[in-house]
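As stored in run.pdb (PDB, C-alpha atoms, pLDDT in the B column):
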```pdb
ATOM      1  CA  ALA A  11       7.724 -33.622 -10.008  1.00 76.00           C
ATOM      2  CA  ILE A  12       5.574 -30.536  -9.425  1.00 79.00           C
ATOM      3  CA  THR A  13       6.723 -26.960  -9.933  1.00 82.00           C
ATOM      4  CA  ARG A  14       6.508 -25.241  -6.568  1.00 82.00           C
ATOM      5  CA  PRO A  15       3.635 -22.706  -6.628  1.00 82.00           C
ATOM      6  CA  ASP A  16       4.724 -19.083  -6.222  1.00 77.00           C
ATOM      7  CA  GLY A  17       2.379 -17.227  -3.885  1.00 75.00           C
ATOM      8  CA  PRO A  18      -0.791 -18.127  -1.966  1.00 76.00           C
ATOM      9  CA  SER A  19      -3.182 -17.971  -4.915  1.00 79.00           C
ATOM     10  CA  ALA A  20      -0.985 -20.342  -6.930  1.00 83.00           C
ATOM     11  CA  GLY A  21      -0.683 -22.643  -3.895  1.00 86.00           C
ATOM     12  CA  ILE A  22      -4.450 -22.726  -3.398  1.00 87.00           C
ATOM     13  CA  ALA A  23      -4.930 -23.414  -7.124  1.00 87.00           C
ATOM     14  CA  ALA A  24      -2.453 -26.311  -6.928  1.00 88.00           C
ATOM     15  CA  LEU A  25      -4.287 -27.704  -3.900  1.00 89.00           C
ATOM     16  CA  ARG A  26      -7.626 -27.434  -5.712  1.00 87.00           C
ATOM     17  CA  ALA A  27      -6.180 -29.232  -8.763  1.00 88.00           C
ATOM     18  CA  GLY A  28      -6.056 -32.427  -6.696  1.00 87.00           C
ATOM     19  CA  ILE A  29      -2.956 -33.887  -8.360  1.00 87.00           C
ATOM     20  CA  THR A  30      -2.436 -37.512  -7.327  1.00 89.00           C
ATOM     21  CA  ASP A  31       0.397 -40.009  -7.458  1.00 88.00           C
ATOM     22  CA  PRO A  32       0.022 -41.888 -10.798  1.00 88.00           C
ATOM     23  CA  SER A  33       0.682 -45.176  -9.009  1.00 90.00           C
ATOM     24  CA  ASP A  34      -1.944 -44.526  -6.310  1.00 90.00           C
ATOM     25  CA  PRO A  35      -4.858 -42.168  -7.083  1.00 87.00           C
ATOM     26  CA  ARG A  36      -5.728 -42.051  -3.354  1.00 87.00           C
ATOM     27  CA  ASP A  37      -2.367 -40.383  -2.602  1.00 89.00           C
ATOM     28  CA  PHE A  38      -2.630 -36.628  -3.190  1.00 88.00           C
ATOM     29  CA  CYS A  39       0.616 -34.802  -3.949  1.00 87.00           C
ATOM     30  CA  ILE A  40      -0.506 -31.602  -2.177  1.00 87.00           C
ATOM     31  CA  ASP A  41      -2.391 -31.832   1.104  1.00 87.00           C
ATOM     32  CA  TYR A  42      -2.293 -28.204   2.262  1.00 87.00           C
ATOM     33  CA  ALA A  43      -1.207 -24.764   1.111  1.00 87.00           C
ATOM     34  CA  GLY A  44       0.006 -21.733   3.035  1.00 81.00           C
ATOM     35  CA  SER A  45      -1.890 -18.504   2.493  1.00 79.00           C
ATOM     36  CA  SER A  46      -1.674 -14.983   3.853  1.00 71.00           C
ATOM     37  CA  ARG A  47      -5.290 -14.366   2.818  1.00 74.00           C
ATOM     38  CA  GLY A  48      -8.516 -15.823   4.081  1.00 76.00           C
ATOM     39  CA  PRO A  49     -11.282 -17.423   2.015  1.00 81.00           C
ATOM     40  CA  THR A  50     -12.850 -15.406  -0.779  1.00 78.00           C
ATOM     41  CA  ALA A  51     -16.173 -15.713  -2.622  1.00 79.00           C
ATOM     42  CA  GLY A  52     -14.466 -17.724  -5.387  1.00 80.00           C
ATOM     43  CA  ASP A  53     -13.118 -20.428  -3.052  1.00 83.00           C
ATOM     44  CA  PRO A  54     -15.072 -23.690  -2.667  1.00 84.00           C
ATOM     45  CA  PRO A  55     -16.777 -24.133   0.739  1.00 88.00           C
ATOM     46  CA  CYS A  56     -15.253 -26.142   3.587  1.00 89.00           C
ATOM     47  CA  SER A  57     -16.963 -29.441   2.778  1.00 87.00           C
ATOM     48  CA  ALA A  58     -16.220 -32.645   0.866  1.00 84.00           C
ATOM     49  CA  GLY A  59     -14.228 -31.663  -2.207  1.00 79.00           C
ATOM     50  CA  GLY A  60     -13.794 -28.105  -0.943  1.00 84.00           C
ATOM     51  CA  ILE A  61     -11.109 -26.185   0.932  1.00 87.00           C
ATOM     52  CA  CYS A  62     -11.017 -25.368   4.639  1.00 90.00           C
ATOM     53  CA  PHE A  63      -9.118 -22.273   5.782  1.00 89.00           C
ATOM     54  CA  ILE A  64      -7.611 -22.777   9.245  1.00 89.00           C
ATOM     55  CA  PRO A  65      -5.901 -19.820  10.960  1.00 82.00           C
ATOM     56  CA  LEU A  66      -2.461 -20.973  12.041  1.00 79.00           C
ATOM     57  CA  ALA A  67       0.459 -18.724  12.970  1.00 73.00           C
ATOM     58  CA  SER A  68      -1.450 -15.629  11.872  1.00 72.00           C
ATOM     59  CA  ASP A  69       0.643 -12.789  10.497  1.00 77.00           C
ATOM     60  CA  ALA A  70       0.561  -9.003  10.355  1.00 85.00           C
ATOM     61  CA  VAL A  71       1.317  -6.851   7.335  1.00 90.00           C
ATOM     62  CA  THR A  72       2.944  -3.442   7.495  1.00 92.00           C
ATOM     63  CA  TRP A  73       4.911  -1.208   5.137  1.00 95.00           C
ATOM     64  CA  ALA A  74       8.623  -1.220   4.500  1.00 93.00           C
ATOM     65  CA  ALA A  75      11.164   1.308   3.232  1.00 94.00           C
ATOM     66  CA  ARG A  76      14.913   1.225   2.625  1.00 93.00           C
ATOM     67  CA  ASP A  77      16.880   0.887   5.874  1.00 88.00           C
ATOM     68  CA  ALA A  78      19.610   3.233   7.110  1.00 88.00           C
ATOM     69  CA  ALA A  79      22.406   0.738   6.424  1.00 86.00           C
ATOM     70  CA  ASN A  80      21.532   0.833   2.714  1.00 88.00           C
ATOM     71  CA  GLY A  81      21.142   4.612   2.398  1.00 91.00           C
ATOM     72  CA  GLY A  82      17.985   5.423   4.343  1.00 93.00           C
ATOM     73  CA  THR A  83      14.542   6.567   3.306  1.00 95.00           C
ATOM     74  CA  ASP A  84      12.640   9.756   2.503  1.00 97.00           C
ATOM     75  CA  ALA A  85       9.576   8.351   4.303  1.00 96.00           C
ATOM     76  CA  PRO A  86       8.589   9.468   7.814  1.00 96.00           C
ATOM     77  CA  ALA A  87       8.901   7.105  10.798  1.00 92.00           C
ATOM     78  CA  SER A  88       5.188   6.266  10.773  1.00 93.00           C
ATOM     79  CA  LEU A  89       2.124   6.525   8.544  1.00 95.00           C
ATOM     80  CA  THR A  90      -1.588   6.226   9.293  1.00 94.00           C
ATOM     81  CA  VAL A  91      -3.858   3.846   7.407  1.00 94.00           C
ATOM     82  CA  ALA A  92      -5.554   6.888   5.816  1.00 95.00           C
ATOM     83  CA  GLN A  93      -2.174   8.168   4.580  1.00 97.00           C
ATOM     84  CA  LEU A  94      -1.272   4.737   3.211  1.00 97.00           C
ATOM     85  CA  ARG A  95      -4.609   4.568   1.407  1.00 97.00           C
ATOM     86  CA  ASP A  96      -4.012   7.952  -0.207  1.00 98.00           C
ATOM     87  CA  ILE A  97      -0.455   6.964  -1.192  1.00 98.00           C
ATOM     88  CA  TYR A  98      -1.738   3.824  -2.931  1.00 98.00           C
ATOM     89  CA  LEU A  99      -4.561   5.807  -4.569  1.00 98.00           C
ATOM     90  CA  CYS A 100      -1.893   8.284  -5.800  1.00 98.00           C
ATOM     91  CA  LYS A 101      -3.604  11.160  -3.979  1.00 98.00           C
ATOM     92  CA  ILE A 102      -0.378  11.678  -2.009  1.00 98.00           C
ATOM     93  CA  THR A 103       2.687  11.512  -4.259  1.00 98.00           C
ATOM     94  CA  ASN A 104       5.365  13.346  -2.267  1.00 98.00           C
ATOM     95  CA  TRP A 105       6.824  12.283   1.084  1.00 98.00           C
ATOM     96  CA  ALA A 106       6.759  15.900   2.332  1.00 98.00           C
ATOM     97  CA  ALA A 107       2.937  15.729   2.427  1.00 98.00           C
ATOM     98  CA  VAL A 108       3.086  13.123   5.222  1.00 97.00           C
ATOM     99  CA  GLY A 109       6.050  14.446   7.202  1.00 97.00           C
ATOM    100  CA  GLY A 110       8.918  12.987   5.189  1.00 97.00           C
ATOM    101  CA  ARG A 111      11.538  14.599   2.961  1.00 97.00           C
ATOM    102  CA  LYS A 112      10.583  16.469  -0.193  1.00 98.00           C
ATOM    103  CA  ALA A 113      10.772  13.609  -2.718  1.00 98.00           C
ATOM    104  CA  GLN A 114       8.442  11.709  -5.032  1.00 98.00           C
ATOM    105  CA  ILE A 115       6.925   8.548  -3.520  1.00 98.00           C
ATOM    106  CA  LYS A 116       7.662   5.288  -5.358  1.00 98.00           C
ATOM    107  CA  ALA A 117       4.883   2.918  -4.263  1.00 98.00           C
ATOM    108  CA  PHE A 118       5.235  -0.763  -5.117  1.00 97.00           C
ATOM    109  CA  LEU A 119       3.128  -3.908  -4.810  1.00 97.00           C
ATOM    110  CA  PRO A 120       4.161  -7.535  -5.188  1.00 94.00           C
ATOM    111  CA  ARG A 121       2.743  -9.554  -8.106  1.00 92.00           C
ATOM    112  CA  THR A 122      -0.990 -10.268  -8.306  1.00 90.00           C
ATOM    113  CA  SER A 123      -0.633 -13.848  -6.972  1.00 84.00           C
ATOM    114  CA  SER A 124       0.684 -12.439  -3.675  1.00 87.00           C
ATOM    115  CA  GLY A 125      -1.465 -12.967  -0.589  1.00 82.00           C
ATOM    116  CA  THR A 126       0.314 -10.030   1.047  1.00 88.00           C
ATOM    117  CA  ARG A 127      -0.807  -7.823  -1.851  1.00 92.00           C
ATOM    118  CA  GLN A 128      -4.406  -9.039  -1.585  1.00 88.00           C
ATOM    119  CA  PHE A 129      -4.502  -8.555   2.181  1.00 88.00           C
ATOM    120  CA  TRP A 130      -2.889  -5.103   1.926  1.00 93.00           C
ATOM    121  CA  LEU A 131      -5.266  -3.772  -0.711  1.00 95.00           C
ATOM    122  CA  THR A 132      -8.304  -5.207   1.099  1.00 91.00           C
ATOM    123  CA  ALA A 133      -7.180  -3.633   4.378  1.00 91.00           C
ATOM    124  CA  LEU A 134      -6.657  -0.268   2.659  1.00 94.00           C
ATOM    125  CA  GLY A 135     -10.053  -0.674   1.003  1.00 93.00           C
ATOM    126  CA  GLY A 136     -11.754  -0.901   4.391  1.00 88.00           C
ATOM    127  CA  GLY A 137     -11.821  -4.687   4.786  1.00 82.00           C
ATOM    128  CA  ALA A 138     -14.667  -5.571   2.431  1.00 81.00           C
ATOM    129  CA  SER A 139     -13.267  -5.106  -1.062  1.00 87.00           C
ATOM    130  CA  PRO A 140      -9.736  -4.425  -2.269  1.00 92.00           C
ATOM    131  CA  LEU A 141      -8.563  -0.926  -3.049  1.00 96.00           C
ATOM    132  CA  LYS A 142      -7.840  -0.363  -6.739  1.00 97.00           C
ATOM    133  CA  PRO A 143      -4.312   1.100  -6.751  1.00 97.00           C
ATOM    134  CA  GLY A 144      -3.632   4.271  -8.699  1.00 97.00           C
ATOM    135  CA  SER A 145      -1.516   4.481 -11.831  1.00 97.00           C
ATOM    136  CA  CYS A 146       1.561   5.623  -9.862  1.00 98.00           C
ATOM    137  CA  VAL A 147       1.804   2.217  -8.145  1.00 98.00           C
ATOM    138  CA  SER A 148       4.011  -0.431  -9.789  1.00 97.00           C
ATOM    139  CA  ASP A 149       4.387  -4.192  -9.497  1.00 96.00           C
ATOM    140  CA  VAL A 150       7.182  -4.144 -12.095  1.00 95.00           C
ATOM    141  CA  GLY A 151       5.088  -5.786 -14.787  1.00 95.00           C
ATOM    142  CA  ASN A 152       3.589  -8.296 -12.320  1.00 94.00           C
ATOM    143  CA  ALA A 153       7.093  -9.614 -11.626  1.00 93.00           C
ATOM    144  CA  LEU A 154       7.925  -8.290  -8.139  1.00 93.00           C
ATOM    145  CA  PRO A 155       8.162 -11.228  -5.685  1.00 89.00           C
ATOM    146  CA  ASP A 156       6.357 -11.294  -2.359  1.00 87.00           C
ATOM    147  CA  ASN A 157       8.143 -10.150   0.824  1.00 88.00           C
ATOM    148  CA  GLN A 158      11.700  -9.677  -0.381  1.00 86.00           C
ATOM    149  CA  GLY A 159      13.817  -6.585  -0.307  1.00 84.00           C
ATOM    150  CA  VAL A 160      16.632  -7.265  -2.740  1.00 85.00           C
ATOM    151  CA  SER A 161      15.040  -6.257  -6.067  1.00 89.00           C
ATOM    152  CA  SER A 162      17.036  -3.342  -7.441  1.00 91.00           C
ATOM    153  CA  VAL A 163      13.861  -1.266  -7.984  1.00 92.00           C
ATOM    154  CA  LEU A 164      13.343  -1.208  -4.195  1.00 93.00           C
ATOM    155  CA  ASP A 165      16.838   0.134  -3.484  1.00 93.00           C
ATOM    156  CA  SER A 166      15.691   3.751  -3.398  1.00 94.00           C
ATOM    157  CA  ALA A 167      15.023   6.317  -0.678  1.00 95.00           C
ATOM    158  CA  GLU A 168      11.569   6.974  -2.188  1.00 97.00           C
ATOM    159  CA  THR A 169      10.350   3.349  -2.005  1.00 96.00           C
ATOM    160  CA  ILE A 170       7.393   1.950  -0.039  1.00 97.00           C
ATOM    161  CA  ILE A 171       6.047  -1.614  -0.250  1.00 96.00           C
ATOM    162  CA  PRO A 172       3.771  -3.826   1.888  1.00 95.00           C
ATOM    163  CA  TYR A 173       5.644  -6.495   3.831  1.00 93.00           C
ATOM    164  CA  SER A 174       4.825  -9.463   6.057  1.00 89.00           C
ATOM    165  CA  VAL A 175       5.966  -8.733   9.613  1.00 87.00           C
ATOM    166  CA  ALA A 176       6.729 -12.421  10.257  1.00 84.00           C
ATOM    167  CA  VAL A 177       8.834 -12.727   7.106  1.00 84.00           C
ATOM    168  CA  TYR A 178      10.697  -9.511   7.912  1.00 86.00           C
ATOM    169  CA  ILE A 179      11.510 -10.757  11.428  1.00 84.00           C
ATOM    170  CA  ALA A 180      12.719 -14.094  10.044  1.00 82.00           C
ATOM    171  CA  GLN A 181      14.929 -12.311   7.492  1.00 81.00           C
ATOM    172  CA  ALA A 182      16.338  -9.662   9.828  1.00 79.00           C
ATOM    173  CA  TYR A 183      16.781 -11.759  12.996  1.00 79.00           C
ATOM    174  CA  HIS A 184      18.063 -15.171  12.041  1.00 72.00           C
ATOM    175  CA  ASP A 185      20.798 -17.571  13.085  1.00 67.00           C
ATOM    176  CA  ALA A 186      24.350 -16.312  12.803  1.00 68.00           C
ATOM    177  CA  ARG A 187      26.120 -16.619   9.468  1.00 68.00           C
ATOM    178  CA  CYS A 188      27.773 -20.016   9.047  1.00 69.00           C
ATOM    179  CA  ALA A 189      31.536 -19.702   9.529  1.00 68.00           C
ATOM    180  CA  LYS A 190      32.408 -23.077   7.967  1.00 69.00           C
ATOM    181  CA  SER A 191      33.864 -23.158   4.476  1.00 68.00           C
ATOM    182  CA  SER A 192      31.437 -25.959   3.571  1.00 67.00           C
ATOM    183  CA  CYS A 193      28.428 -23.630   3.951  1.00 64.00           C
ATOM    184  CA  THR A 194      26.897 -22.406   0.705  1.00 57.00           C
ATOM    185  CA  GLY A 195      24.211 -19.913  -0.236  1.00 48.00           C
ATOM    186  CA  SER A 196      23.415 -16.423   0.956  1.00 39.00           C
ATOM    187  CA  PRO A 197      22.282 -15.708   4.506  1.00 38.00           C
ATOM    188  CA  ALA A 198      18.767 -14.378   5.085  1.00 34.00           C
ATOM    189  CA  VAL A 199      20.195 -11.028   6.177  1.00 33.00           C
ATOM    190  CA  SER A 200      20.812 -10.274   2.505  1.00 32.00           C
ATOM    191  CA  TYR A 201      17.097  -9.553   2.231  1.00 36.00           C
ATOM    192  CA  THR A 202      17.202  -6.547   4.513  1.00 39.00           C
ATOM    193  CA  HIS A 203      17.418  -3.678   2.041  1.00 48.00           C
ATOM    194  CA  LEU A 204      14.144  -2.776   3.699  1.00 57.00           C
ATOM    195  CA  ARG A 205      12.974  -2.148   7.231  1.00 62.00           C
ATOM    196  CA  ALA A 206       9.423  -2.664   8.426  1.00 59.00           C
ATOM    197  CA  HIS A 207       7.382   0.081  10.087  1.00 59.00           C
ATOM    198  CA  GLU A 208       4.382   0.228  12.351  1.00 48.00           C
ATOM    199  CA  THR A 209       1.308   1.694  10.660  1.00 45.00           C
ATOM    200  CA  GLY A 210      -0.939   2.495  13.605  1.00 39.00           C
ATOM    201  CA  ARG A 211      -3.056  -0.646  13.070  1.00 35.00           C
TER     202      ARG A 211
END
```

For this file, write the structure as C-alpha cells.
Amino acid sequence: AITRPDGPSAGIAALRAGITDPSDPRDFCIDYAGSSRGPTAGDPPCSAGGICFIPLASDAVTWAARDAANGGTDAPASLTVAQLRDIYLCKITNWAAVGGRKAQIKAFLPRTSSGTRQFWLTALGGGASPLKPGSCVSDVGNALPDNQGVSSVLDSAETIIPYSVAVYIAQAYHDARCAKSSCTGSPAVSYTHLRAHETGR
C-alpha cells in the first residue's frame, strides 16, 4: 500500500523514489506521475534513472471567484496579467482599483506542493522565475487543496484563487446526478462555489 501523493511535486517525488514490489524488484509501483508544471532545474534529466516530461492533455490556468449562485463576487469580469501580478504582490488590495466593487481583495494560493500554484506564480513572474507573493496572500497555513472550490475560506465575495481550466470544466460540466438510491457520494457540481474567468492570456 502506498499513500496517494497529493499534488504534482509529491507525485514526482514518489516517482523518483522508485518504490518496487517487495516480491519483484523489477516491478515498480509507480510508473508515471501527472504534473501541471514542466521540468525544473532540480529535476533529473530525461535519461536512464531520470525523469522525462511529456506534454499530454496540456491545461490552462486562470483565476476563479465565487459564482453568482453562491452569492457573487466583488471582482470585475476580467483582469489583465499585470493586474493579477499586482494583486498577488499586494500592490492592489481593493477590487475598486481594477473595476470591481469597493471591497478588500482576499487573494489565495493552493498549498506549496500544487503544480497550479507553481505554474501561476511563474507565469505572473514573467515565465522565468516564480513571483514571490506578498504578505496579503494566504494558502491557509499551506493547507488549501489544489483546484477545489468548497473550502469555507473561499466562500466570500472578495476571494480570488488560481484554478485549472480543465478541472473547472470537469467539475462544472459533468454527467447528470445519479437518480438511483444505490448511488453514493457527492456529485462534482458541489465543487462549483467558484467560477473561472478569462485573464487575457

Just need the box for segment 63-73 of chain A, edges along x, y and z, holding every atom the file lists for it with 8 Å tacked onto each side, so centre and edge lengths in Å to one decimal, as AutoDock Vina command-line options.
```
--center_x -2.1 --center_y -12.0 --center_z 9.1 --size_x 30.0 --size_y 37.6 --size_z 23.8
```

message = Set the distance at 7 Å and use all atoms listed in the file: which residues neighbour Asp149 of chain A once local chain neighbours fewer than 6 positions away are removed? I'd like the list as a list of chain:residue names.
response = A:Phe118, A:Leu119, A:Pro120, A:Arg121

Just the selected residues (C-alpha atoms), exported as a PDB file, in the coordinates of the input, please.
```pdb
ATOM      1  CA  PHE A 118       5.235  -0.763  -5.117  1.00 97.00           C
ATOM      2  CA  LEU A 119       3.128  -3.908  -4.810  1.00 97.00           C
ATOM      3  CA  PRO A 120       4.161  -7.535  -5.188  1.00 94.00           C
ATOM      4  CA  ARG A 121       2.743  -9.554  -8.106  1.00 92.00           C
TER       5      ARG A 121
END
```

message = Using only C-alpha atoms, can you tell me which of A:Ser174, A:Thr169, A:Asn157, A:Gln93 comes closest to Gln114 of chain A?
response = A:Thr169

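Atom CA of Asn104 of chain A to atom CA of Leu89 of chain A spans 13.2 Å [interatomic distance, one decimal].
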
Which residues are close to Ala70 of chain A, i.e. within 9 Å by all atoms listed in the file, leaving aside same-chain residues fewer than 3 positions away? Reply as a short mmCIF file (atom, residue, chain, number, x, y, z; two decimals) with C-alpha atoms, in the coordinates of the input.
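Written output follows (selection_18.cif):
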```cif
data_model
loop_
_atom_site.label_atom_id
_atom_site.label_comp_id
_atom_site.auth_asym_id
_atom_site.auth_seq_id
_atom_site.Cartn_x
_atom_site.Cartn_y
_atom_site.Cartn_z
CA TYR A 173 5.64 -6.50 3.83
CA SER A 174 4.82 -9.46 6.06
CA VAL A 175 5.97 -8.73 9.61
CA ALA A 176 6.73 -12.42 10.26
#
```

Selection result for the PyMOL selection byres ((chain A and resi 14) around 12) on this file, as a list of chain:residue names = A:Ala11, A:Ile12, A:Thr13, A:Pro15, A:Asp16, A:Gly17, A:Pro18, A:Ala20, A:Gly21, A:Ile22, A:Ala23, A:Ala24, A:Leu25, A:Cys39, A:Ile40, A:Ala43

task = Give as an MDAnalysis selection string the residues that the PyMOL selection byres ((chain A and resi 108) around 10) matches when applied to the coordinates above.
result = chainID A and resid 85:86 88:90 93:94 97 102:107 109:112

request  = Name all residues at most 7 Å from Pro143 of chain A (count all atoms listed in the file; drop same-chain ones fewer than 3 positions away) and give them as a list in words.
outcome  =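 Once the adjacent positions are removed, what remains is Tyr98, Leu99 and Val147 of chain A.
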
ask   = What does the distance between atom CA of Ser166 of chain A and atom CA of Ser145 of chain A come to in Å, to one decimal place?
value = 19.2 Å

query = So which residues get picked by the PyMOL selection byres ((chain A and resi 167) around 8) here, written as JSON, numbers by chain?
reply = {"A": [75, 76, 81, 82, 83, 84, 85, 165, 166, 168, 169]}

ask   = Near Gly59 of chain A, counting all atoms listed in the file, which residues have an atom at most 12 Å away, once you skip same-chain residues fewer than 6 positions from it, shown as a PyMOL selection string?
value = chain A and resi 25-28+53

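Shortest atom-to-atom contact with Pro172 of chain A among A:Ala74, A:Gly151, A:Gly125, A:Leu131: A:Ala74, counting all atoms listed in the file.
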
Who sits within 12 Å of Val150 of chain A, all atoms listed in the file, same chain under 2 positions skipped, as a PDB file with C-alpha atoms, in the frame of the given file:
```pdb
ATOM      1  CA  LYS A 116       7.662   5.288  -5.358  1.00 98.00           C
ATOM      2  CA  ALA A 117       4.883   2.918  -4.263  1.00 98.00           C
ATOM      3  CA  PHE A 118       5.235  -0.763  -5.117  1.00 97.00           C
ATOM      4  CA  LEU A 119       3.128  -3.908  -4.810  1.00 97.00           C
ATOM      5  CA  PRO A 120       4.161  -7.535  -5.188  1.00 94.00           C
ATOM      6  CA  ARG A 121       2.743  -9.554  -8.106  1.00 92.00           C
ATOM      7  CA  THR A 122      -0.990 -10.268  -8.306  1.00 90.00           C
ATOM      8  CA  CYS A 146       1.561   5.623  -9.862  1.00 98.00           C
ATOM      9  CA  VAL A 147       1.804   2.217  -8.145  1.00 98.00           C
ATOM     10  CA  SER A 148       4.011  -0.431  -9.789  1.00 97.00           C
ATOM     11  CA  ASN A 152       3.589  -8.296 -12.320  1.00 94.00           C
ATOM     12  CA  ALA A 153       7.093  -9.614 -11.626  1.00 93.00           C
ATOM     13  CA  LEU A 154       7.925  -8.290  -8.139  1.00 93.00           C
ATOM     14  CA  PRO A 155       8.162 -11.228  -5.685  1.00 89.00           C
ATOM     15  CA  SER A 161      15.040  -6.257  -6.067  1.00 89.00           C
ATOM     16  CA  SER A 162      17.036  -3.342  -7.441  1.00 91.00           C
ATOM     17  CA  VAL A 163      13.861  -1.266  -7.984  1.00 92.00           C
ATOM     18  CA  LEU A 164      13.343  -1.208  -4.195  1.00 93.00           C
TER      19      LEU A 164
END
```

query = With distances taken over all atoms listed in the file, which of A:Ser33, A:Ala138, A:Cys100, A:Val177 is nearest to Asp156 of chain A?
reply =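 Of A:Ser33, A:Ala138, A:Cys100, A:Val177, the one nearest Asp156 of chain A, counting all atoms listed in the file, is A:Val177.
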